[in-house]
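Note sheet for the following structure.
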Amino acid sequence: MEQFMWDFSIYISLFGFFLLVLALLTGLRIIKIKSIFKVHKKLALASFITIGIHAVIMIYFYFFT
């Protein structure tokens, strides 16, 4: 189970970083999207959630294993 959590944490951190880069690029208007969808805010929120999950798992491994 701990190996699965470790692997999941690594994959989710890469996914969170990818979402953060997309949020940055859409916010700077390098990648232009229609403003009706408000994709920039959704990407930033999803990135924050995935990075938060990664942080909780890493804190668990740092302090409790």
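Just remember, in the structure tokens the first chain shown is A, the second B, etc., residues are 1-based per chain, and ligands are 1-based in the order shown.
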Tell me which protein, DNA and RNA residues are within 12 Å of A:Leu45, counting only C-alpha atoms, leaving out same-chain ones fewer than 6 positions away, and put them as a PyMOL selection string. chain A and resi 16+19-20+22-24+38-39+51-52
Using DSSP on the backbone coordinates, identify the residues of stretch 18-60 of chain A assigned to helix (DSSP H, G or I); present them as a PDB file with N, CA, C and O atoms, in the first residue's frame.
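Okay, this is what ended up in out05.pdb:
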ATOM      1  N   PHE A  18       1.975  20.008 -14.517  1.00  0.00           N
ATOM      2  CA  PHE A  18       1.464  20.221 -15.869  1.00  0.00           C
ATOM      3  C   PHE A  18       0.277  21.182 -15.856  1.00  0.00           C
ATOM      4  O   PHE A  18       0.197  22.096 -16.677  1.00  0.00           O
ATOM      5  N   LEU A  19      -0.644  20.991 -14.906  1.00  0.00           N
ATOM      6  CA  LEU A  19      -1.789  21.896 -14.792  1.00  0.00           C
ATOM      7  C   LEU A  19      -1.359  23.311 -14.426  1.00  0.00           C
ATOM      8  O   LEU A  19      -1.929  24.286 -14.914  1.00  0.00           O
ATOM      9  N   LEU A  20      -0.353  23.427 -13.569  1.00  0.00           N
ATOM     10  CA  LEU A  20       0.148  24.740 -13.174  1.00  0.00           C
ATOM     11  C   LEU A  20       0.765  25.476 -14.362  1.00  0.00           C
ATOM     12  O   LEU A  20       0.540  26.675 -14.546  1.00  0.00           O
ATOM     13  N   VAL A  21       1.505  24.765 -15.187  1.00  0.00           N
ATOM     14  CA  VAL A  21       2.091  25.377 -16.384  1.00  0.00           C
ATOM     15  C   VAL A  21       0.988  25.820 -17.346  1.00  0.00           C
ATOM     16  O   VAL A  21       1.044  26.921 -17.902  1.00  0.00           O
ATOM     17  N   LEU A  22      -0.028  24.977 -17.527  1.00  0.00           N
ATOM     18  CA  LEU A  22      -1.141  25.371 -18.406  1.00  0.00           C
ATOM     19  C   LEU A  22      -1.880  26.586 -17.858  1.00  0.00           C
ATOM     20  O   LEU A  22      -2.271  27.476 -18.617  1.00  0.00           O
ATOM     21  N   ALA A  23      -2.079  26.627 -16.548  1.00  0.00           N
ATOM     22  CA  ALA A  23      -2.749  27.784 -15.947  1.00  0.00           C
ATOM     23  C   ALA A  23      -1.922  29.048 -16.146  1.00  0.00           C
ATOM     24  O   ALA A  23      -2.465  30.119 -16.428  1.00  0.00           O
ATOM     25  N   LEU A  24      -0.626  28.923 -16.015  1.00  0.00           N
ATOM     26  CA  LEU A  24       0.253  30.077 -16.221  1.00  0.00           C
ATOM     27  C   LEU A  24       0.202  30.551 -17.673  1.00  0.00           C
ATOM     28  O   LEU A  24       0.091  31.749 -17.939  1.00  0.00           O
ATOM     29  N   LEU A  25       0.274  29.613 -18.603  1.00  0.00           N
ATOM     30  CA  LEU A  25       0.276  29.986 -20.013  1.00  0.00           C
ATOM     31  C   LEU A  25      -1.062  30.566 -20.461  1.00  0.00           C
ATOM     32  O   LEU A  25      -1.098  31.477 -21.291  1.00  0.00           O
ATOM     33  N   THR A  26      -2.158  30.053 -19.911  1.00  0.00           N
ATOM     34  CA  THR A  26      -3.452  30.642 -20.274  1.00  0.00           C
ATOM     35  C   THR A  26      -3.659  31.983 -19.582  1.00  0.00           C
ATOM     36  O   THR A  26      -4.323  32.862 -20.134  1.00  0.00           O
ATOM     37  N   GLY A  27      -3.103  32.154 -18.398  1.00  0.00           N
ATOM     38  CA  GLY A  27      -3.213  33.431 -17.706  1.00  0.00           C
ATOM     39  C   GLY A  27      -2.406  34.521 -18.378  1.00  0.00           C
ATOM     40  O   GLY A  27      -2.815  35.688 -18.408  1.00  0.00           O
ATOM     41  N   VAL A  39     -11.225  28.809 -18.227  1.00  0.00           N
ATOM     42  CA  VAL A  39     -10.376  27.632 -18.067  1.00  0.00           C
ATOM     43  C   VAL A  39      -9.189  27.934 -17.165  1.00  0.00           C
ATOM     44  O   VAL A  39      -8.754  27.077 -16.399  1.00  0.00           O
ATOM     45  N   HIS A  40      -8.693  29.143 -17.206  1.00  0.00           N
ATOM     46  CA  HIS A  40      -7.526  29.518 -16.413  1.00  0.00           C
ATOM     47  C   HIS A  40      -7.780  29.296 -14.923  1.00  0.00           C
ATOM     48  O   HIS A  40      -6.955  28.710 -14.222  1.00  0.00           O
ATOM     49  N   LYS A  41      -8.908  29.722 -14.443  1.00  0.00           N
ATOM     50  CA  LYS A  41      -9.225  29.576 -13.020  1.00  0.00           C
ATOM     51  C   LYS A  41      -9.438  28.117 -12.648  1.00  0.00           C
ATOM     52  O   LYS A  41      -9.026  27.672 -11.579  1.00  0.00           O
ATOM     53  N   LYS A  42     -10.065  27.358 -13.536  1.00  0.00           N
ATOM     54  CA  LYS A  42     -10.291  25.938 -13.266  1.00  0.00           C
ATOM     55  C   LYS A  42      -8.979  25.172 -13.248  1.00  0.00           C
ATOM     56  O   LYS A  42      -8.782  24.280 -12.421  1.00  0.00           O
ATOM     57  N   LEU A  43      -8.069  25.504 -14.157  1.00  0.00           N
ATOM     58  CA  LEU A  43      -6.760  24.845 -14.167  1.00  0.00           C
ATOM     59  C   LEU A  43      -5.965  25.176 -12.913  1.00  0.00           C
ATOM     60  O   LEU A  43      -5.310  24.307 -12.331  1.00  0.00           O
ATOM     61  N   ALA A  44      -6.026  26.420 -12.488  1.00  0.00           N
ATOM     62  CA  ALA A  44      -5.297  26.819 -11.289  1.00  0.00           C
ATOM     63  C   ALA A  44      -5.866  26.130 -10.051  1.00  0.00           C
ATOM     64  O   ALA A  44      -5.104  25.674  -9.185  1.00  0.00           O
ATOM     65  N   LEU A  45      -7.172  26.004  -9.960  1.00  0.00           N
ATOM     66  CA  LEU A  45      -7.792  25.329  -8.827  1.00  0.00           C
ATOM     67  C   LEU A  45      -7.459  23.838  -8.816  1.00  0.00           C
ATOM     68  O   LEU A  45      -7.121  23.276  -7.772  1.00  0.00           O
ATOM     69  N   ALA A  46      -7.529  23.203  -9.969  1.00  0.00           N
ATOM     70  CA  ALA A  46      -7.183  21.785 -10.060  1.00  0.00           C
ATOM     71  C   ALA A  46      -5.713  21.564  -9.729  1.00  0.00           C
ATOM     72  O   ALA A  46      -5.357  20.586  -9.057  1.00  0.00           O
ATOM     73  N   SER A  47      -4.863  22.466 -10.160  1.00  0.00           N
ATOM     74  CA  SER A  47      -3.439  22.374  -9.848  1.00  0.00           C
ATOM     75  C   SER A  47      -3.203  22.501  -8.349  1.00  0.00           C
ATOM     76  O   SER A  47      -2.417  21.749  -7.762  1.00  0.00           O
ATOM     77  N   PHE A  48      -3.881  23.439  -7.710  1.00  0.00           N
ATOM     78  CA  PHE A  48      -3.737  23.623  -6.265  1.00  0.00           C
ATOM     79  C   PHE A  48      -4.185  22.383  -5.503  1.00  0.00           C
ATOM     80  O   PHE A  48      -3.534  21.962  -4.542  1.00  0.00           O
ATOM     81  N   ILE A  49      -5.278  21.771  -5.938  1.00  0.00           N
ATOM     82  CA  ILE A  49      -5.781  20.566  -5.272  1.00  0.00           C
ATOM     83  C   ILE A  49      -4.804  19.407  -5.427  1.00  0.00           C
ATOM     84  O   ILE A  49      -4.500  18.704  -4.459  1.00  0.00           O
ATOM     85  N   THR A  50      -4.289  19.194  -6.638  1.00  0.00           N
ATOM     86  CA  THR A  50      -3.362  18.076  -6.845  1.00  0.00           C
ATOM     87  C   THR A  50      -2.045  18.298  -6.115  1.00  0.00           C
ATOM     88  O   THR A  50      -1.494  17.350  -5.554  1.00  0.00           O
ATOM     89  N   ILE A  51      -1.566  19.517  -6.072  1.00  0.00           N
ATOM     90  CA  ILE A  51      -0.333  19.793  -5.337  1.00  0.00           C
ATOM     91  C   ILE A  51      -0.567  19.633  -3.832  1.00  0.00           C
ATOM     92  O   ILE A  51       0.304  19.166  -3.100  1.00  0.00           O
ATOM     93  N   GLY A  52      -1.766  19.988  -3.372  1.00  0.00           N
ATOM     94  CA  GLY A  52      -2.105  19.782  -1.963  1.00  0.00           C
ATOM     95  C   GLY A  52      -2.143  18.305  -1.588  1.00  0.00           C
ATOM     96  O   GLY A  52      -1.670  17.911  -0.518  1.00  0.00           O
ATOM     97  N   ILE A  53      -2.721  17.473  -2.455  1.00  0.00           N
ATOM     98  CA  ILE A  53      -2.738  16.026  -2.205  1.00  0.00           C
ATOM     99  C   ILE A  53      -1.322  15.488  -2.161  1.00  0.00           C
ATOM    100  O   ILE A  53      -0.967  14.680  -1.297  1.00  0.00           O
ATOM    101  N   HIS A  54      -0.489  15.929  -3.083  1.00  0.00           N
ATOM    102  CA  HIS A  54       0.907  15.516  -3.094  1.00  0.00           C
ATOM    103  C   HIS A  54       1.606  15.915  -1.791  1.00  0.00           C
ATOM    104  O   HIS A  54       2.350  15.119  -1.213  1.00  0.00           O
ATOM    105  N   ALA A  55       1.347  17.115  -1.328  1.00  0.00           N
ATOM    106  CA  ALA A  55       1.986  17.595  -0.100  1.00  0.00           C
ATOM    107  C   ALA A  55       1.563  16.766   1.113  1.00  0.00           C
ATOM    108  O   ALA A  55       2.399  16.422   1.956  1.00  0.00           O
ATOM    109  N   VAL A  56       0.285  16.431   1.200  1.00  0.00           N
ATOM    110  CA  VAL A  56      -0.200  15.629   2.332  1.00  0.00           C
ATOM    111  C   VAL A  56       0.452  14.247   2.336  1.00  0.00           C
ATOM    112  O   VAL A  56       0.885  13.753   3.382  1.00  0.00           O
ATOM    113  N   ILE A  57       0.556  13.626   1.179  1.00  0.00           N
ATOM    114  CA  ILE A  57       1.180  12.300   1.101  1.00  0.00           C
ATOM    115  C   ILE A  57       2.655  12.378   1.457  1.00  0.00           C
ATOM    116  O   ILE A  57       3.181  11.535   2.194  1.00  0.00           O
ATOM    117  N   MET A  58       3.345  13.399   0.984  1.00  0.00           N
ATOM    118  CA  MET A  58       4.769  13.526   1.286  1.00  0.00           C
ATOM    119  C   MET A  58       5.009  13.839   2.762  1.00  0.00           C
ATOM    120  O   MET A  58       5.971  13.372   3.355  1.00  0.00           O
ATOM    121  N   ILE A  59       4.128  14.614   3.375  1.00  0.00           N
ATOM    122  CA  ILE A  59       4.238  14.872   4.819  1.00  0.00           C
ATOM    123  C   ILE A  59       4.044  13.582   5.585  1.00  0.00           C
ATOM    124  O   ILE A  59       4.749  13.319   6.565  1.00  0.00           O
ATOM    125  N   TYR A  60       3.110  12.750   5.149  1.00  0.00           N
ATOM    126  CA  TYR A  60       2.906  11.451   5.780  1.00  0.00           C
ATOM    127  C   TYR A  60       4.189  10.625   5.724  1.00  0.00           C
ATOM    128  O   TYR A  60       4.621  10.044   6.726  1.00  0.00           O
TER     129      TYR A  60
END
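For the pair atom CA of A:Lys34 and atom CA of A:Ser13, the separation is 27.4 Å.
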